[in-house]
Amino acid sequence: MQLQKIHHVAYRCRDAKETVAFYNRVMGMELIGAIAEDRVPSTKAPDPYMHIFLDAGAGNILAFFELPNSPPMGRDPNTPDWVQHIAFQVGDLDALNEAKARAEADGLDVVGPTDHTIFRSIYFRDPSGHRLEVAAWTATAEQMAQMKDVAHAMVDEWAETKKPPRHTAWLHQKEFESAE
């Protein structure tokens with residue numbers, strides 16, 4: 001299989017109109033399409049839905065489903081709420097600071113910037129509760145090569161011990177030191 005890119009990523013939302021407005025106002029994304037049916041095309045099951053598609057830039061599409069006949073949205077109670085998130089890339093640290101100011105001006109509670117050494121990021125939530133990350137690369141070619149060089153060894157060590165290998169502890173050293 002020769003994949004070209006991700007066609008779209010889809011999540012559920014509480015309200016399609018509210019979601020379109022939020023992603024346009026805060027994230028600058030344009031609504032580029034909507035599909036609505038009374039039945040699911042793949043399964044043929046009766047289940048009305050609104051499926052919206054937002055332009056996330058560079059040919060990337062973020063999509064959402066509003067499902068009025070399903071139980072209210074929830075989340076996996078066994079997964080910490082910081083784990084599942086949608087991360088967006090901006091061009092540089094100035095753009096990251098602008099994104100933070102824009103989110104805060106919309107009344108959102110913003111965490112960060114967090115220093116991951118190879119990138120900095122901020123975090124906040126959309127109206128449906130999805131955690132969003134906006135990130136700007138700060139990595140050098142050497143740092144990226146260093147990470148790649150140890151990636152397989154780290155996964156192998158984790159598979160055996162289930163303890164964090166320390167090969168890339170340097171990534172968050174400054175962030176953790178600043179919190180102490």
# chains A, B, ... in the order shown; residues from 1 in each chain; ligands from 1
$ residues_around --residues "Glu133 (chain A)" --least-positions-apart "2" --cutoff "6 Å" --atoms "only C-alpha atoms" --output "PyMOL selection string"
chain A and resi 87+122-123
$ residues_around --residues "region 103-112 of chain A" --least-positions-apart "6" --cutoff "9 Å" --atoms "only C-alpha atoms" --output "number ranges by chain"
A: 25-27, 120-126
$ select_by_dssp --residues "region 32-170 of chain A" --states "alpha helix (DSSP H)" --output "ChimeraX atom specification"
/A:93-105,141-161
$ closest_residue --among "A:Leu132, A:Asp156, A:Val150, A:Asp115" --to "Phe176 (chain A)" --atoms "only C-alpha atoms"
A:Asp115
$ residues_around --residues "Pro46 (chain A)" --least-positions-apart "4" --cutoff "12 Å" --atoms "only C-alpha atoms" --output "PyMOL selection string"
chain A and resi 37-42+67+69-70
$ write_last_selection --atoms "N, CA and C atoms" --output "short mmCIF file (atom, residue, chain, number, x, y, z; two decimals), in the first residue's frame"
data_model
loop_
_atom_site.label_atom_id
_atom_site.label_comp_id
_atom_site.auth_asym_id
_atom_site.auth_seq_id
_atom_site.Cartn_x
_atom_site.Cartn_y
_atom_site.Cartn_z
N GLU A 37 -27.33 12.70 5.89
CA GLU A 37 -28.16 11.58 5.43
C GLU A 37 -29.00 11.07 6.58
N ASP A 38 -30.04 10.31 6.23
CA ASP A 38 -30.84 9.62 7.23
C ASP A 38 -30.32 8.22 7.52
N ARG A 39 -29.47 7.71 6.62
CA ARG A 39 -28.87 6.39 6.79
C ARG A 39 -27.36 6.49 6.60
N VAL A 40 -26.63 5.57 7.22
CA VAL A 40 -25.18 5.52 7.10
C VAL A 40 -24.82 4.83 5.79
N PRO A 41 -24.12 5.47 4.89
CA PRO A 41 -23.82 4.85 3.59
C PRO A 41 -23.07 3.52 3.69
N SER A 42 -22.12 3.40 4.62
CA SER A 42 -21.33 2.17 4.69
C SER A 42 -22.09 1.00 5.30
N LEU A 67 -24.51 13.71 15.78
CA LEU A 67 -25.37 12.53 15.79
C LEU A 67 -26.52 12.74 16.77
N ASN A 69 -29.38 11.34 17.31
CA ASN A 69 -30.10 10.20 17.89
C ASN A 69 -29.23 9.32 18.77
N SER A 70 -27.98 9.69 18.95
CA SER A 70 -27.07 8.91 19.80
C SER A 70 -27.06 9.48 21.21
#
$ select_by_dssp --residues "chain A" --states "strand (DSSP E)" --output "JSON, numbers by chain"
{"A": [9, 10, 11, 12, 13, 30, 31, 32, 33, 34, 35, 36, 37, 38, 39, 46, 47, 48, 49, 50, 51, 52, 53, 54, 55, 61, 62, 63, 64, 65, 66, 85, 86, 87, 88, 89, 90, 111, 112, 113, 114, 115, 119, 120, 121, 122, 123, 124, 125, 131, 132, 133, 134, 135, 136, 137]}
$ closest_residue --among "A:Asn60, A:Asn24, A:Ser128, A:Thr43" --to "His8 (chain A)" --atoms "only C-alpha atoms"
A:Asn60
$ residues_around --residues "Val9 (chain A)" --least-positions-apart "4" --cutoff "9 Å" --atoms "only C-alpha atoms" --output "PyMOL selection string"
chain A and resi 60-64
$ atom_distance --atom1 "CA of Met144 (chain A)" --atom2 "CA of His167 (chain A)"
12.9 Å
$ closest_residue --among "A:Thr114, A:Tyr23, A:Glu157, A:Ala10" --to "Ser178 (chain A)" --atoms "only C-alpha atoms"
A:Thr114
$ closest_residue --among "A:Ile32, A:Thr161, A:Thr168, A:Cys13" --to "Lys148 (chain A)" --atoms "only C-alpha atoms"
A:Thr168
$ atom_distance --atom1 "CA of Met147 (chain A)" --atom2 "CA of Ala159 (chain A)"
17.8 Å
$ closest_residue --among "A:Pro71, A:Glu30, A:Asp55, A:His130" --to "Val83 (chain A)" --atoms "only C-alpha atoms"
A:His130
$ residues_around --residues "Asp15 (chain A)" --least-positions-apart "3" --cutoff "8 Å" --atoms "only C-alpha atoms" --output "list in words"
Glu18, Thr19, Glu66 and Ser128 of chain A
$ decode --residues "region 111-154 of chain A" --atoms "N, CA and C atoms" --output "PDB file, in the first residue's frame"
ATOM      1  N   VAL A 111      -3.435  26.459  28.179  1.00  0.00           N
ATOM      2  CA  VAL A 111      -2.276  25.945  28.903  1.00  0.00           C
ATOM      3  C   VAL A 111      -1.051  26.147  28.007  1.00  0.00           C
ATOM      4  N   GLY A 112       0.006  26.701  28.577  1.00  0.00           N
ATOM      5  CA  GLY A 112       1.247  26.854  27.826  1.00  0.00           C
ATOM      6  C   GLY A 112       1.513  28.287  27.451  1.00  0.00           C
ATOM      7  N   PRO A 113       2.582  28.455  26.701  1.00  0.00           N
ATOM      8  CA  PRO A 113       3.316  27.478  25.917  1.00  0.00           C
ATOM      9  C   PRO A 113       4.105  26.487  26.781  1.00  0.00           C
ATOM     10  N   THR A 114       4.089  25.238  26.327  1.00  0.00           N
ATOM     11  CA  THR A 114       4.859  24.158  26.926  1.00  0.00           C
ATOM     12  C   THR A 114       6.071  23.919  26.036  1.00  0.00           C
ATOM     13  N   ASP A 115       7.246  23.809  26.653  1.00  0.00           N
ATOM     14  CA  ASP A 115       8.486  23.623  25.912  1.00  0.00           C
ATOM     15  C   ASP A 115       8.801  22.134  25.805  1.00  0.00           C
ATOM     16  N   HIS A 116       8.673  21.590  24.597  1.00  0.00           N
ATOM     17  CA  HIS A 116       9.017  20.195  24.322  1.00  0.00           C
ATOM     18  C   HIS A 116      10.400  20.105  23.665  1.00  0.00           C
ATOM     19  N   THR A 117      11.178  21.156  23.720  1.00  0.00           N
ATOM     20  CA  THR A 117      12.501  21.328  23.116  1.00  0.00           C
ATOM     21  C   THR A 117      12.438  21.311  21.595  1.00  0.00           C
ATOM     22  N   ILE A 118      11.848  20.293  20.988  1.00  0.00           N
ATOM     23  CA  ILE A 118      11.779  20.236  19.524  1.00  0.00           C
ATOM     24  C   ILE A 118      10.581  21.015  18.982  1.00  0.00           C
ATOM     25  N   PHE A 119       9.654  21.356  19.856  1.00  0.00           N
ATOM     26  CA  PHE A 119       8.556  22.249  19.504  1.00  0.00           C
ATOM     27  C   PHE A 119       7.981  22.830  20.781  1.00  0.00           C
ATOM     28  N   ARG A 120       7.260  23.930  20.641  1.00  0.00           N
ATOM     29  CA  ARG A 120       6.511  24.519  21.757  1.00  0.00           C
ATOM     30  C   ARG A 120       5.051  24.465  21.377  1.00  0.00           C
ATOM     31  N   SER A 121       4.199  24.320  22.396  1.00  0.00           N
ATOM     32  CA  SER A 121       2.781  24.193  22.084  1.00  0.00           C
ATOM     33  C   SER A 121       1.907  24.774  23.175  1.00  0.00           C
ATOM     34  N   ILE A 122       0.673  25.060  22.779  1.00  0.00           N
ATOM     35  CA  ILE A 122      -0.378  25.496  23.696  1.00  0.00           C
ATOM     36  C   ILE A 122      -1.524  24.502  23.579  1.00  0.00           C
ATOM     37  N   TYR A 123      -2.380  24.484  24.606  1.00  0.00           N
ATOM     38  CA  TYR A 123      -3.501  23.544  24.652  1.00  0.00           C
ATOM     39  C   TYR A 123      -4.762  24.261  25.118  1.00  0.00           C
ATOM     40  N   PHE A 124      -5.885  23.899  24.525  1.00  0.00           N
ATOM     41  CA  PHE A 124      -7.193  24.392  24.956  1.00  0.00           C
ATOM     42  C   PHE A 124      -8.244  23.439  24.404  1.00  0.00           C
ATOM     43  N   ARG A 125      -9.517  23.687  24.709  1.00  0.00           N
ATOM     44  CA  ARG A 125     -10.592  22.771  24.304  1.00  0.00           C
ATOM     45  C   ARG A 125     -11.592  23.450  23.379  1.00  0.00           C
ATOM     46  N   ASP A 126     -12.144  22.642  22.460  1.00  0.00           N
ATOM     47  CA  ASP A 126     -13.201  23.151  21.588  1.00  0.00           C
ATOM     48  C   ASP A 126     -14.541  23.013  22.301  1.00  0.00           C
ATOM     49  N   PRO A 127     -15.642  23.489  21.712  1.00  0.00           N
ATOM     50  CA  PRO A 127     -16.939  23.455  22.400  1.00  0.00           C
ATOM     51  C   PRO A 127     -17.434  22.047  22.742  1.00  0.00           C
ATOM     52  N   SER A 128     -16.950  21.020  22.041  1.00  0.00           N
ATOM     53  CA  SER A 128     -17.351  19.647  22.334  1.00  0.00           C
ATOM     54  C   SER A 128     -16.440  18.987  23.364  1.00  0.00           C
ATOM     55  N   GLY A 129     -15.413  19.705  23.810  1.00  0.00           N
ATOM     56  CA  GLY A 129     -14.504  19.184  24.823  1.00  0.00           C
ATOM     57  C   GLY A 129     -13.249  18.526  24.268  1.00  0.00           C
ATOM     58  N   HIS A 130     -13.071  18.528  22.949  1.00  0.00           N
ATOM     59  CA  HIS A 130     -11.862  17.955  22.370  1.00  0.00           C
ATOM     60  C   HIS A 130     -10.658  18.826  22.736  1.00  0.00           C
ATOM     61  N   ARG A 131      -9.589  18.181  23.168  1.00  0.00           N
ATOM     62  CA  ARG A 131      -8.365  18.917  23.491  1.00  0.00           C
ATOM     63  C   ARG A 131      -7.633  19.239  22.199  1.00  0.00           C
ATOM     64  N   LEU A 132      -7.299  20.511  22.022  1.00  0.00           N
ATOM     65  CA  LEU A 132      -6.583  20.967  20.843  1.00  0.00           C
ATOM     66  C   LEU A 132      -5.192  21.423  21.259  1.00  0.00           C
ATOM     67  N   GLU A 133      -4.234  21.158  20.395  1.00  0.00           N
ATOM     68  CA  GLU A 133      -2.862  21.612  20.594  1.00  0.00           C
ATOM     69  C   GLU A 133      -2.467  22.419  19.366  1.00  0.00           C
ATOM     70  N   VAL A 134      -1.812  23.535  19.585  1.00  0.00           N
ATOM     71  CA  VAL A 134      -1.221  24.308  18.495  1.00  0.00           C
ATOM     72  C   VAL A 134       0.274  24.308  18.775  1.00  0.00           C
ATOM     73  N   ALA A 135       1.070  23.877  17.779  1.00  0.00           N
ATOM     74  CA  ALA A 135       2.501  23.672  17.988  1.00  0.00           C
ATOM     75  C   ALA A 135       3.331  24.369  16.916  1.00  0.00           C
ATOM     76  N   ALA A 136       4.510  24.810  17.329  1.00  0.00           N
ATOM     77  CA  ALA A 136       5.494  25.402  16.412  1.00  0.00           C
ATOM     78  C   ALA A 136       6.820  24.672  16.605  1.00  0.00           C
ATOM     79  N   TRP A 137       7.371  24.176  15.512  1.00  0.00           N
ATOM     80  CA  TRP A 137       8.655  23.476  15.559  1.00  0.00           C
ATOM     81  C   TRP A 137       9.766  24.421  15.996  1.00  0.00           C
ATOM     82  N   THR A 138      10.679  23.900  16.826  1.00  0.00           N
ATOM     83  CA  THR A 138      11.893  24.618  17.217  1.00  0.00           C
ATOM     84  C   THR A 138      13.104  23.706  17.075  1.00  0.00           C
ATOM     85  N   ALA A 139      12.916  22.525  16.510  1.00  0.00           N
ATOM     86  CA  ALA A 139      13.951  21.488  16.441  1.00  0.00           C
ATOM     87  C   ALA A 139      15.065  21.827  15.471  1.00  0.00           C
ATOM     88  N   THR A 140      16.243  21.317  15.809  1.00  0.00           N
ATOM     89  CA  THR A 140      17.357  21.331  14.866  1.00  0.00           C
ATOM     90  C   THR A 140      17.361  19.985  14.140  1.00  0.00           C
ATOM     91  N   ALA A 141      18.048  19.939  13.034  1.00  0.00           N
ATOM     92  CA  ALA A 141      18.173  18.675  12.297  1.00  0.00           C
ATOM     93  C   ALA A 141      18.855  17.622  13.167  1.00  0.00           C
ATOM     94  N   GLU A 142      19.824  18.042  13.971  1.00  0.00           N
ATOM     95  CA  GLU A 142      20.534  17.109  14.850  1.00  0.00           C
ATOM     96  C   GLU A 142      19.594  16.515  15.904  1.00  0.00           C
ATOM     97  N   GLN A 143      18.732  17.344  16.480  1.00  0.00           N
ATOM     98  CA  GLN A 143      17.784  16.843  17.484  1.00  0.00           C
ATOM     99  C   GLN A 143      16.830  15.826  16.871  1.00  0.00           C
ATOM    100  N   MET A 144      16.344  16.116  15.680  1.00  0.00           N
ATOM    101  CA  MET A 144      15.425  15.178  15.026  1.00  0.00           C
ATOM    102  C   MET A 144      16.138  13.867  14.689  1.00  0.00           C
ATOM    103  N   ALA A 145      17.374  13.948  14.240  1.00  0.00           N
ATOM    104  CA  ALA A 145      18.151  12.747  13.932  1.00  0.00           C
ATOM    105  C   ALA A 145      18.405  11.935  15.201  1.00  0.00           C
ATOM    106  N   GLN A 146      18.702  12.635  16.299  1.00  0.00           N
ATOM    107  CA  GLN A 146      18.941  11.952  17.577  1.00  0.00           C
ATOM    108  C   GLN A 146      17.688  11.194  18.020  1.00  0.00           C
ATOM    109  N   MET A 147      16.525  11.818  17.881  1.00  0.00           N
ATOM    110  CA  MET A 147      15.275  11.142  18.252  1.00  0.00           C
ATOM    111  C   MET A 147      15.039   9.912  17.379  1.00  0.00           C
ATOM    112  N   LYS A 148      15.217  10.079  16.100  1.00  0.00           N
ATOM    113  CA  LYS A 148      14.977   8.964  15.180  1.00  0.00           C
ATOM    114  C   LYS A 148      15.930   7.807  15.464  1.00  0.00           C
ATOM    115  N   ASP A 149      17.165   8.129  15.769  1.00  0.00           N
ATOM    116  CA  ASP A 149      18.170   7.095  16.019  1.00  0.00           C
ATOM    117  C   ASP A 149      17.816   6.198  17.203  1.00  0.00           C
ATOM    118  N   VAL A 150      17.132   6.725  18.208  1.00  0.00           N
ATOM    119  CA  VAL A 150      16.828   5.938  19.408  1.00  0.00           C
ATOM    120  C   VAL A 150      15.381   5.452  19.465  1.00  0.00           C
ATOM    121  N   ALA A 151      14.566   5.821  18.506  1.00  0.00           N
ATOM    122  CA  ALA A 151      13.129   5.517  18.573  1.00  0.00           C
ATOM    123  C   ALA A 151      12.837   4.019  18.694  1.00  0.00           C
ATOM    124  N   HIS A 152      13.439   3.204  17.843  1.00  0.00           N
ATOM    125  CA  HIS A 152      13.159   1.760  17.900  1.00  0.00           C
ATOM    126  C   HIS A 152      13.654   1.143  19.204  1.00  0.00           C
ATOM    127  N   ALA A 153      14.818   1.569  19.670  1.00  0.00           N
ATOM    128  CA  ALA A 153      15.345   1.054  20.938  1.00  0.00           C
ATOM    129  C   ALA A 153      14.415   1.415  22.087  1.00  0.00           C
ATOM    130  N   MET A 154      13.863   2.619  22.046  1.00  0.00           N
ATOM    131  CA  MET A 154      12.946   3.040  23.107  1.00  0.00           C
ATOM    132  C   MET A 154      11.670   2.205  23.106  1.00  0.00           C
TER     133      MET A 154
END
